[in-house]
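See below for the structure under consideration.
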Amino acid sequence: MRKRLVPLLIVAFGILVFVVLRLTRDVPAPATPQERSWRVETLAIQPDSFQPSLTLYGQLESPARFTVTAPMAGRIGSLPVRDGDMVSAGSQLVALDDADIEPALQQARADQADAEAQLASERLAHANDRQALELEQRIRANAERALERSRQLVERRLAPQSELDNVTDALDRAALTVAIRQRSIEGHPSRLAALQARVERARAALDSMQRDAERSRFNAPFDGVVGQVRVAIGDRVAANAALLDYYPLTGMELRATLPQVYSAAFVDALARGQTLKAVTLEEPVLELTLRRIAGQADPRGVEAIFSLDQPHPGLRVGNLMAVSVARPAQDQSVALPYTALYGNDTVYQLVEGRMQRIGVQRVGEVLMESGERWVLVSAVELQPGMQIITTHLPNAISGLRVETASTAATVEPGQ
């Protein structure tokens, strides 16, 4: 009996100890969840009148650029220039071999001489025809008188019929000769006109060949730069084959794609006579002037065509350039670093330690005194002194708890 009570007493003692420990334990303070906050930087804004700028990207072209072509078939006899050479006006660029030019010139001269000789021969033949016609007409008249005499003799039976037949044949031959001569004389004006036309064609061919011969030795019409050279000395080229490109350093134009949303404003500014300037964003820093808007657009926009105010020896046709174009001033706009902009239409304000979304309209960008380019936005909700969060958070939403690392001074426009 005693052996059975020992295990029960042990179990009861353990339960008693557990109850005592549970009743005498320390009660921990209830845990309260802590909301995580994100450290950000803010900027106190001051809406002002800013002149926004628009960044455009374009390619340099030269309206005066042209391609030197071969005026006639032949071999390249002289090529004193190479790609990129600076050439003075009057300097030779390329020339065909004279051995291919002179035979063509001689043939053109011979064709003209032949045509002129045939024309002179026709005039001489016409003069001979007129003289011969008078003689042949007298012969025909004599034959007519002989026929009359023979007819009278035959009627009197003083001559045989065969003699009358012979005289008749002689008259017919004389009449035929006169008819042929008259037809030749009548055809003289048409033959003369045809030969004169042939002479004119020969002269035109010779003039054309002489011009081609002169153009086969092509000299630079102005100071410029040699573009792509497509041949080498000794190459056999066909007529109208491209030989090289050439263009001046002056008068270059930048054709930059202008987004469609801005095109109307630029067209209106040009129509009002407003001068719109642009400046390159990379070295060398150059100034440009907007001259016109292209007459044809595509889905990307329309091309704005700028002229360089001053030529630069380091520029070449085909250079890609980024330019900043000044636009009309925007009142009540705010300049912010690009890190403050979410998408194209959202910024966040700091309100009692939390982010609050504000919808804005992007109106351009502006160059600050530090050299940085900031985005220019406007919205009715943007008020002076408002703290705008400039740290870009990937999880930014309205109501997100944040804390400031520093407070920036109110921004002032750089230019």
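Ordered as shown in the structure tokens, chains take letters A, B, and onward, while each chain numbers its residues from 1 and ligands are numbered from 1 in the order shown.
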
I'd like a table as a tab-separated table: residues in range 297-352 of chain A with an atom no more than 12 Å from range 275-289 of chain A, each row giving the shortest atom pair and its distance in Å to one decimal, only C-alpha atoms counted, sorted by chain and rising residue number.
```
residue	atom	partner	partner_atom	distance
A:Ala304	CA	A:Thr289	CA	10.3
A:Ile305	CA	A:Thr289	CA	8.5
A:Phe306	CA	A:Thr289	CA	5.2
A:Ser307	CA	A:Thr289	CA	5.4
A:Leu308	CA	A:Leu288	CA	4.6
A:Asp309	CA	A:Leu288	CA	5.4
A:Gln310	CA	A:Glu287	CA	7.5
A:Pro311	CA	A:Leu286	CA	9.0
A:His312	CA	A:Leu286	CA	8.5
A:Pro313	CA	A:Pro284	CA	10.6
A:Gly314	CA	A:Pro284	CA	8.6
A:Leu315	CA	A:Pro284	CA	9.2
A:Leu320	CA	A:Glu282	CA	10.6
A:Met321	CA	A:Thr280	CA	7.0
A:Ala322	CA	A:Leu281	CA	5.7
A:Val323	CA	A:Thr280	CA	4.2
A:Ser324	CA	A:Ala278	CA	5.3
A:Val325	CA	A:Ala278	CA	4.3
A:Ala326	CA	A:Lys277	CA	6.4
A:Arg327	CA	A:Leu276	CA	7.7
A:Pro328	CA	A:Leu276	CA	9.4
```

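Residues surrounding Arg149 in chain A within 12 Å are Asn142, Ala143, Glu144, Arg145, Ala146, Leu147, Arg151, Gln152, Leu153, Val154, Glu155, Arg156, Leu158, Ala159, Glu163, Leu164, Val167 and Thr168 of chain A [only C-alpha atoms; sequence separation below 2 positions excluded].
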
Using all heavy atoms, can you write the selected residues to a file as a compact mmCIF listing (two decimals), in the first residue's frame?
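Output file part-v9.txt follows:
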```txt
# COMPACT_ATOMS: atom_id res chain seq x y z
N ASN A 142 14.34 71.03 -176.86
CA ASN A 142 14.85 70.59 -178.16
C ASN A 142 14.20 69.28 -178.58
O ASN A 142 13.88 69.07 -179.77
CB ASN A 142 16.37 70.44 -178.13
CG ASN A 142 17.07 71.79 -177.99
OD1 ASN A 142 16.51 72.84 -178.39
ND2 ASN A 142 18.28 71.80 -177.45
N ALA A 143 14.05 68.37 -177.58
CA ALA A 143 13.42 67.09 -177.89
C ALA A 143 11.97 67.28 -178.32
O ALA A 143 11.46 66.56 -179.21
CB ALA A 143 13.50 66.17 -176.67
N GLU A 144 11.30 68.24 -177.76
CA GLU A 144 9.90 68.51 -178.16
C GLU A 144 9.85 69.04 -179.60
O GLU A 144 8.97 68.64 -180.39
CB GLU A 144 9.28 69.52 -177.19
CG GLU A 144 9.03 68.96 -175.81
CD GLU A 144 8.51 70.02 -174.84
OE1 GLU A 144 8.57 71.22 -175.20
OE2 GLU A 144 8.08 69.64 -173.72
N ARG A 145 10.79 69.92 -179.96
CA ARG A 145 10.81 70.44 -181.32
C ARG A 145 11.17 69.34 -182.33
O ARG A 145 10.59 69.24 -183.43
CB ARG A 145 11.78 71.61 -181.42
CG ARG A 145 11.26 72.88 -180.74
CD ARG A 145 12.15 74.07 -181.09
NE ARG A 145 13.50 73.95 -180.54
CZ ARG A 145 13.87 74.39 -179.35
NH1 ARG A 145 12.98 74.98 -178.55
NH2 ARG A 145 15.12 74.25 -178.96
N ALA A 146 12.12 68.47 -181.90
CA ALA A 146 12.49 67.36 -182.79
C ALA A 146 11.33 66.41 -182.99
O ALA A 146 11.11 65.88 -184.11
CB ALA A 146 13.69 66.61 -182.21
N LEU A 147 10.53 66.21 -181.96
CA LEU A 147 9.36 65.35 -182.07
C LEU A 147 8.35 65.94 -183.05
O LEU A 147 7.74 65.23 -183.87
CB LEU A 147 8.73 65.13 -180.70
CG LEU A 147 7.43 64.30 -180.67
CD1 LEU A 147 7.70 62.88 -181.17
CD2 LEU A 147 6.84 64.25 -179.26
N ARG A 151 7.17 64.17 -186.56
CA ARG A 151 5.77 63.86 -186.77
C ARG A 151 5.32 64.40 -188.13
O ARG A 151 4.57 63.73 -188.88
CB ARG A 151 4.92 64.45 -185.63
CG ARG A 151 3.44 64.08 -185.79
CD ARG A 151 2.61 64.62 -184.62
NE ARG A 151 2.99 64.00 -183.35
CZ ARG A 151 3.56 64.61 -182.34
NH1 ARG A 151 3.87 65.90 -182.45
NH2 ARG A 151 3.87 63.96 -181.24
N GLN A 152 5.78 65.60 -188.48
CA GLN A 152 5.41 66.18 -189.78
C GLN A 152 6.01 65.37 -190.94
O GLN A 152 5.36 65.13 -191.97
CB GLN A 152 5.87 67.63 -189.86
CG GLN A 152 5.14 68.57 -188.92
CD GLN A 152 5.69 69.98 -188.95
OE1 GLN A 152 6.66 70.27 -189.69
NE2 GLN A 152 5.06 70.88 -188.17
N LEU A 153 7.27 64.94 -190.77
CA LEU A 153 7.91 64.13 -191.81
C LEU A 153 7.22 62.79 -191.98
O LEU A 153 7.05 62.29 -193.11
CB LEU A 153 9.39 63.93 -191.48
CG LEU A 153 10.28 65.19 -191.56
CD1 LEU A 153 11.68 64.87 -191.09
CD2 LEU A 153 10.31 65.73 -192.99
N VAL A 154 6.82 62.20 -190.86
CA VAL A 154 6.13 60.91 -190.95
C VAL A 154 4.78 61.08 -191.64
O VAL A 154 4.35 60.25 -192.46
CB VAL A 154 5.98 60.28 -189.56
CG1 VAL A 154 5.06 59.06 -189.61
CG2 VAL A 154 7.34 59.89 -189.01
N GLU A 155 4.09 62.19 -191.30
CA GLU A 155 2.80 62.44 -191.94
C GLU A 155 2.98 62.64 -193.45
O GLU A 155 2.10 62.27 -194.24
CB GLU A 155 2.13 63.66 -191.32
CG GLU A 155 1.67 63.43 -189.90
CD GLU A 155 1.09 64.68 -189.28
OE1 GLU A 155 1.18 65.77 -189.90
OE2 GLU A 155 0.55 64.60 -188.13
N ARG A 156 4.06 63.22 -193.91
CA ARG A 156 4.32 63.42 -195.33
C ARG A 156 4.99 62.19 -195.98
O ARG A 156 5.34 62.21 -197.16
CB ARG A 156 5.22 64.64 -195.52
CG ARG A 156 4.57 65.93 -195.08
CD ARG A 156 5.58 67.06 -195.21
NE ARG A 156 5.03 68.32 -194.70
CZ ARG A 156 5.72 69.45 -194.63
NH1 ARG A 156 6.99 69.47 -195.06
NH2 ARG A 156 5.17 70.54 -194.17
N LEU A 158 7.87 61.21 -195.40
CA LEU A 158 9.28 61.49 -195.73
C LEU A 158 10.25 60.84 -194.73
O LEU A 158 11.46 60.89 -194.93
CB LEU A 158 9.52 63.00 -195.74
CG LEU A 158 8.72 63.79 -196.79
CD1 LEU A 158 8.98 65.28 -196.64
CD2 LEU A 158 9.07 63.32 -198.20
N ALA A 159 9.72 60.26 -193.66
CA ALA A 159 10.56 59.59 -192.64
C ALA A 159 9.80 58.37 -192.12
O ALA A 159 8.55 58.36 -192.08
CB ALA A 159 10.89 60.53 -191.50
N GLU A 163 11.72 56.35 -186.73
CA GLU A 163 12.42 57.60 -186.33
C GLU A 163 11.55 58.41 -185.38
O GLU A 163 12.04 59.01 -184.43
CB GLU A 163 12.75 58.40 -187.59
CG GLU A 163 13.53 59.66 -187.28
CD GLU A 163 13.93 60.41 -188.55
OE1 GLU A 163 13.80 59.84 -189.65
OE2 GLU A 163 14.40 61.56 -188.39
N LEU A 164 10.23 58.40 -185.65
CA LEU A 164 9.32 59.10 -184.74
C LEU A 164 9.33 58.48 -183.35
O LEU A 164 9.34 59.17 -182.32
CB LEU A 164 7.90 59.09 -185.31
CG LEU A 164 6.83 59.76 -184.45
CD1 LEU A 164 7.15 61.25 -184.26
CD2 LEU A 164 5.44 59.59 -185.10
N VAL A 167 12.53 59.55 -181.52
CA VAL A 167 12.46 60.93 -181.03
C VAL A 167 11.52 61.02 -179.83
O VAL A 167 11.79 61.76 -178.87
CB VAL A 167 12.00 61.85 -182.17
CG1 VAL A 167 11.76 63.26 -181.65
CG2 VAL A 167 13.03 61.88 -183.30
N THR A 168 10.45 60.25 -179.85
CA THR A 168 9.52 60.24 -178.70
C THR A 168 10.22 59.71 -177.45
O THR A 168 10.07 60.26 -176.33
CB THR A 168 8.28 59.39 -179.03
OG1 THR A 168 7.63 59.91 -180.20
CG2 THR A 168 7.32 59.39 -177.86
```

| field | Which of range 144-252 of chain A fall in alpha helix (DSSP H), as a VMD selection string | value | chain A and resid 144 to 155 161 to 186 188 to 215

Restricting it to C-alpha atoms, dump the selection as a PDB file, in the first residue's frame.
```pdb
ATOM      1  CA  GLU A 144       9.901  68.512-178.162  1.00  0.00           C
ATOM      2  CA  ARG A 145      10.809  70.441-181.322  1.00  0.00           C
ATOM      3  CA  ALA A 146      12.494  67.355-182.789  1.00  0.00           C
ATOM      4  CA  LEU A 147       9.363  65.345-182.070  1.00  0.00           C
ATOM      5  CA  GLU A 148       7.225  67.890-183.884  1.00  0.00           C
ATOM      6  CA  ARG A 149       9.484  67.816-186.936  1.00  0.00           C
ATOM      7  CA  SER A 150       9.563  64.028-186.970  1.00  0.00           C
ATOM      8  CA  ARG A 151       5.767  63.862-186.768  1.00  0.00           C
ATOM      9  CA  GLN A 152       5.409  66.181-189.783  1.00  0.00           C
ATOM     10  CA  LEU A 153       7.911  64.131-191.810  1.00  0.00           C
ATOM     11  CA  VAL A 154       6.127  60.912-190.948  1.00  0.00           C
ATOM     12  CA  GLU A 155       2.804  62.435-191.939  1.00  0.00           C
ATOM     13  CA  GLN A 161       7.731  55.545-188.101  1.00  0.00           C
ATOM     14  CA  SER A 162      10.763  54.181-186.239  1.00  0.00           C
ATOM     15  CA  GLU A 163      12.415  57.597-186.332  1.00  0.00           C
ATOM     16  CA  LEU A 164       9.318  59.103-184.738  1.00  0.00           C
ATOM     17  CA  ASP A 165       9.446  56.461-182.033  1.00  0.00           C
ATOM     18  CA  ASN A 166      13.121  57.200-181.299  1.00  0.00           C
ATOM     19  CA  VAL A 167      12.460  60.927-181.026  1.00  0.00           C
ATOM     20  CA  THR A 168       9.522  60.244-178.699  1.00  0.00           C
ATOM     21  CA  ASP A 169      11.744  58.104-176.467  1.00  0.00           C
ATOM     22  CA  ALA A 170      14.360  60.880-176.369  1.00  0.00           C
ATOM     23  CA  LEU A 171      11.690  63.369-175.290  1.00  0.00           C
ATOM     24  CA  ASP A 172      10.469  61.032-172.556  1.00  0.00           C
ATOM     25  CA  ARG A 173      14.019  60.569-171.247  1.00  0.00           C
ATOM     26  CA  ALA A 174      14.553  64.325-171.209  1.00  0.00           C
ATOM     27  CA  ALA A 175      11.250  64.866-169.370  1.00  0.00           C
ATOM     28  CA  LEU A 176      12.153  62.169-166.849  1.00  0.00           C
ATOM     29  CA  THR A 177      15.545  63.765-166.223  1.00  0.00           C
ATOM     30  CA  VAL A 178      13.915  67.149-165.633  1.00  0.00           C
ATOM     31  CA  ALA A 179      11.358  65.592-163.228  1.00  0.00           C
ATOM     32  CA  ILE A 180      14.080  63.855-161.229  1.00  0.00           C
ATOM     33  CA  ARG A 181      16.093  67.053-161.032  1.00  0.00           C
ATOM     34  CA  GLN A 182      13.064  69.074-159.927  1.00  0.00           C
ATOM     35  CA  ARG A 183      12.252  66.505-157.240  1.00  0.00           C
ATOM     36  CA  SER A 184      15.835  66.744-155.979  1.00  0.00           C
ATOM     37  CA  ILE A 185      15.578  70.526-155.850  1.00  0.00           C
ATOM     38  CA  GLU A 186      12.218  70.362-154.062  1.00  0.00           C
ATOM     39  CA  HIS A 188      16.610  70.258-150.738  1.00  0.00           C
ATOM     40  CA  PRO A 189      14.961  72.205-147.838  1.00  0.00           C
ATOM     41  CA  SER A 190      14.148  69.013-145.885  1.00  0.00           C
ATOM     42  CA  ARG A 191      17.601  67.539-146.469  1.00  0.00           C
ATOM     43  CA  LEU A 192      19.159  70.866-145.520  1.00  0.00           C
ATOM     44  CA  ALA A 193      17.118  71.024-142.294  1.00  0.00           C
ATOM     45  CA  ALA A 194      18.066  67.427-141.399  1.00  0.00           C
ATOM     46  CA  LEU A 195      21.742  68.097-141.977  1.00  0.00           C
ATOM     47  CA  GLN A 196      21.593  71.343-140.018  1.00  0.00           C
ATOM     48  CA  ALA A 197      19.981  69.442-137.132  1.00  0.00           C
ATOM     49  CA  ARG A 198      22.741  66.848-137.375  1.00  0.00           C
ATOM     50  CA  VAL A 199      25.330  69.610-137.184  1.00  0.00           C
ATOM     51  CA  GLU A 200      23.590  71.065-134.119  1.00  0.00           C
ATOM     52  CA  ARG A 201      23.540  67.641-132.453  1.00  0.00           C
ATOM     53  CA  ALA A 202      27.203  67.174-133.195  1.00  0.00           C
ATOM     54  CA  ARG A 203      28.013  70.609-131.780  1.00  0.00           C
ATOM     55  CA  ALA A 204      25.933  69.907-128.666  1.00  0.00           C
ATOM     56  CA  ALA A 205      27.652  66.536-128.250  1.00  0.00           C
ATOM     57  CA  LEU A 206      31.044  68.209-128.568  1.00  0.00           C
ATOM     58  CA  ASP A 207      30.075  70.917-126.065  1.00  0.00           C
ATOM     59  CA  SER A 208      28.812  68.255-123.660  1.00  0.00           C
ATOM     60  CA  MET A 209      31.977  66.239-124.084  1.00  0.00           C
ATOM     61  CA  GLN A 210      34.113  69.318-123.481  1.00  0.00           C
ATOM     62  CA  ARG A 211      32.147  70.090-120.296  1.00  0.00           C
ATOM     63  CA  ASP A 212      32.550  66.491-119.158  1.00  0.00           C
ATOM     64  CA  ALA A 213      36.254  66.718-119.907  1.00  0.00           C
ATOM     65  CA  GLU A 214      36.493  69.839-117.760  1.00  0.00           C
ATOM     66  CA  ARG A 215      34.428  68.238-114.983  1.00  0.00           C
TER      67      ARG A 215
END
```

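When the distance limit is 10 Å and only C-alpha atoms are what count, the residues near Gly227 in chain A, minus those fewer than 6 positions from it on the same chain, are Arg65, Phe66, Thr67, Arg82, Asp83, Gly84, Asp85, Met86, Leu244, Asp245, Tyr246, Tyr247, Arg316 and Val317 of chain A.
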
Mind dumping the selected residues with all heavy atoms as a compact mmCIF listing (two decimals), in the first residue's frame?
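Written out: again27.txt:
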```
# COMPACT_ATOMS: atom_id res chain seq x y z
N ARG A 65 26.29 70.02 -98.78
CA ARG A 65 27.04 68.78 -99.03
C ARG A 65 26.63 68.21 -100.39
O ARG A 65 25.45 68.16 -100.74
CB ARG A 65 26.74 67.76 -97.93
CG ARG A 65 27.45 66.43 -98.11
CD ARG A 65 27.05 65.46 -97.02
NE ARG A 65 27.73 64.19 -97.14
CZ ARG A 65 27.57 63.17 -96.30
NH1 ARG A 65 26.73 63.30 -95.27
NH2 ARG A 65 28.22 62.04 -96.47
N PHE A 66 27.62 67.77 -101.16
CA PHE A 66 27.32 67.16 -102.45
C PHE A 66 28.30 66.03 -102.72
O PHE A 66 29.36 65.93 -102.08
CB PHE A 66 27.38 68.20 -103.59
CG PHE A 66 28.75 68.78 -103.82
CD1 PHE A 66 29.61 68.23 -104.73
CD2 PHE A 66 29.16 69.90 -103.10
CE1 PHE A 66 30.87 68.76 -104.94
CE2 PHE A 66 30.41 70.45 -103.30
CZ PHE A 66 31.28 69.88 -104.23
N THR A 67 27.93 65.20 -103.68
CA THR A 67 28.74 64.05 -104.05
C THR A 67 29.35 64.30 -105.42
O THR A 67 28.63 64.62 -106.38
CB THR A 67 27.90 62.77 -104.09
OG1 THR A 67 27.36 62.53 -102.78
CG2 THR A 67 28.76 61.57 -104.49
N ARG A 82 42.26 62.80 -99.15
CA ARG A 82 41.81 61.63 -98.38
C ARG A 82 40.66 62.05 -97.49
O ARG A 82 40.37 63.24 -97.32
CB ARG A 82 42.96 61.07 -97.53
CG ARG A 82 44.09 60.46 -98.35
CD ARG A 82 43.64 59.20 -99.06
NE ARG A 82 44.72 58.59 -99.83
CZ ARG A 82 44.96 58.83 -101.10
NH1 ARG A 82 44.20 59.72 -101.75
NH2 ARG A 82 45.94 58.23 -101.73
N ASP A 83 40.00 61.07 -96.88
CA ASP A 83 38.89 61.36 -95.98
C ASP A 83 39.33 62.33 -94.89
O ASP A 83 40.37 62.14 -94.24
CB ASP A 83 38.40 60.07 -95.30
CG ASP A 83 37.72 59.15 -96.28
OD1 ASP A 83 37.64 59.51 -97.45
OD2 ASP A 83 37.26 58.07 -95.86
N GLY A 84 38.52 63.38 -94.68
CA GLY A 84 38.78 64.33 -93.60
C GLY A 84 39.73 65.44 -93.93
O GLY A 84 39.96 66.31 -93.08
N ASP A 85 40.31 65.46 -95.14
CA ASP A 85 41.24 66.53 -95.50
C ASP A 85 40.51 67.87 -95.58
O ASP A 85 39.39 67.96 -96.10
CB ASP A 85 41.89 66.24 -96.84
CG ASP A 85 43.00 65.20 -96.74
OD1 ASP A 85 43.31 64.81 -95.60
OD2 ASP A 85 43.52 64.77 -97.78
N MET A 86 41.15 68.91 -95.05
CA MET A 86 40.67 70.28 -95.22
C MET A 86 41.25 70.81 -96.53
O MET A 86 42.46 70.81 -96.73
CB MET A 86 41.13 71.15 -94.05
CG MET A 86 40.66 70.64 -92.68
SD MET A 86 38.90 70.88 -92.43
CE MET A 86 38.82 72.66 -92.34
N LEU A 244 33.46 60.86 -104.35
CA LEU A 244 33.71 61.31 -102.98
C LEU A 244 32.66 62.34 -102.59
O LEU A 244 31.94 62.87 -103.44
CB LEU A 244 35.13 61.88 -102.83
CG LEU A 244 35.58 63.04 -103.75
CD1 LEU A 244 35.13 64.40 -103.20
CD2 LEU A 244 37.09 63.03 -103.92
N ASP A 245 32.57 62.60 -101.27
CA ASP A 245 31.65 63.61 -100.74
C ASP A 245 32.46 64.84 -100.31
O ASP A 245 33.61 64.72 -99.87
CB ASP A 245 30.87 63.07 -99.54
CG ASP A 245 29.98 61.90 -99.92
OD1 ASP A 245 29.54 61.87 -101.08
OD2 ASP A 245 29.74 61.03 -99.07
N TYR A 246 31.82 66.00 -100.40
CA TYR A 246 32.51 67.25 -100.06
C TYR A 246 31.48 68.23 -99.51
O TYR A 246 30.34 68.30 -99.98
CB TYR A 246 33.18 67.84 -101.31
CG TYR A 246 34.10 68.99 -101.03
CD1 TYR A 246 35.33 68.80 -100.43
CD2 TYR A 246 33.74 70.29 -101.38
CE1 TYR A 246 36.19 69.86 -100.17
CE2 TYR A 246 34.59 71.36 -101.13
CZ TYR A 246 35.81 71.13 -100.52
OH TYR A 246 36.65 72.18 -100.27
N TYR A 247 31.88 68.96 -98.46
CA TYR A 247 30.96 69.93 -97.85
C TYR A 247 31.76 71.01 -97.13
O TYR A 247 32.92 70.80 -96.74
CB TYR A 247 30.01 69.25 -96.87
CG TYR A 247 30.70 68.54 -95.72
CD1 TYR A 247 30.96 69.21 -94.52
CD2 TYR A 247 31.09 67.22 -95.82
CE1 TYR A 247 31.58 68.57 -93.47
CE2 TYR A 247 31.71 66.57 -94.78
CZ TYR A 247 31.96 67.25 -93.60
OH TYR A 247 32.58 66.61 -92.56
N ARG A 316 31.92 67.54 -87.70
CA ARG A 316 31.80 66.83 -88.96
C ARG A 316 30.34 66.46 -89.19
O ARG A 316 29.57 66.28 -88.25
CB ARG A 316 32.66 65.55 -88.96
CG ARG A 316 34.17 65.81 -88.91
CD ARG A 316 34.65 66.49 -90.18
NE ARG A 316 36.09 66.68 -90.21
CZ ARG A 316 36.71 67.76 -89.78
NH1 ARG A 316 36.01 68.76 -89.25
NH2 ARG A 316 38.03 67.87 -89.86
N VAL A 317 29.99 66.34 -90.45
CA VAL A 317 28.65 65.89 -90.79
C VAL A 317 28.41 64.50 -90.20
O VAL A 317 29.26 63.62 -90.31
CB VAL A 317 28.48 65.86 -92.33
CG1 VAL A 317 27.21 65.12 -92.72
CG2 VAL A 317 28.43 67.28 -92.87
```
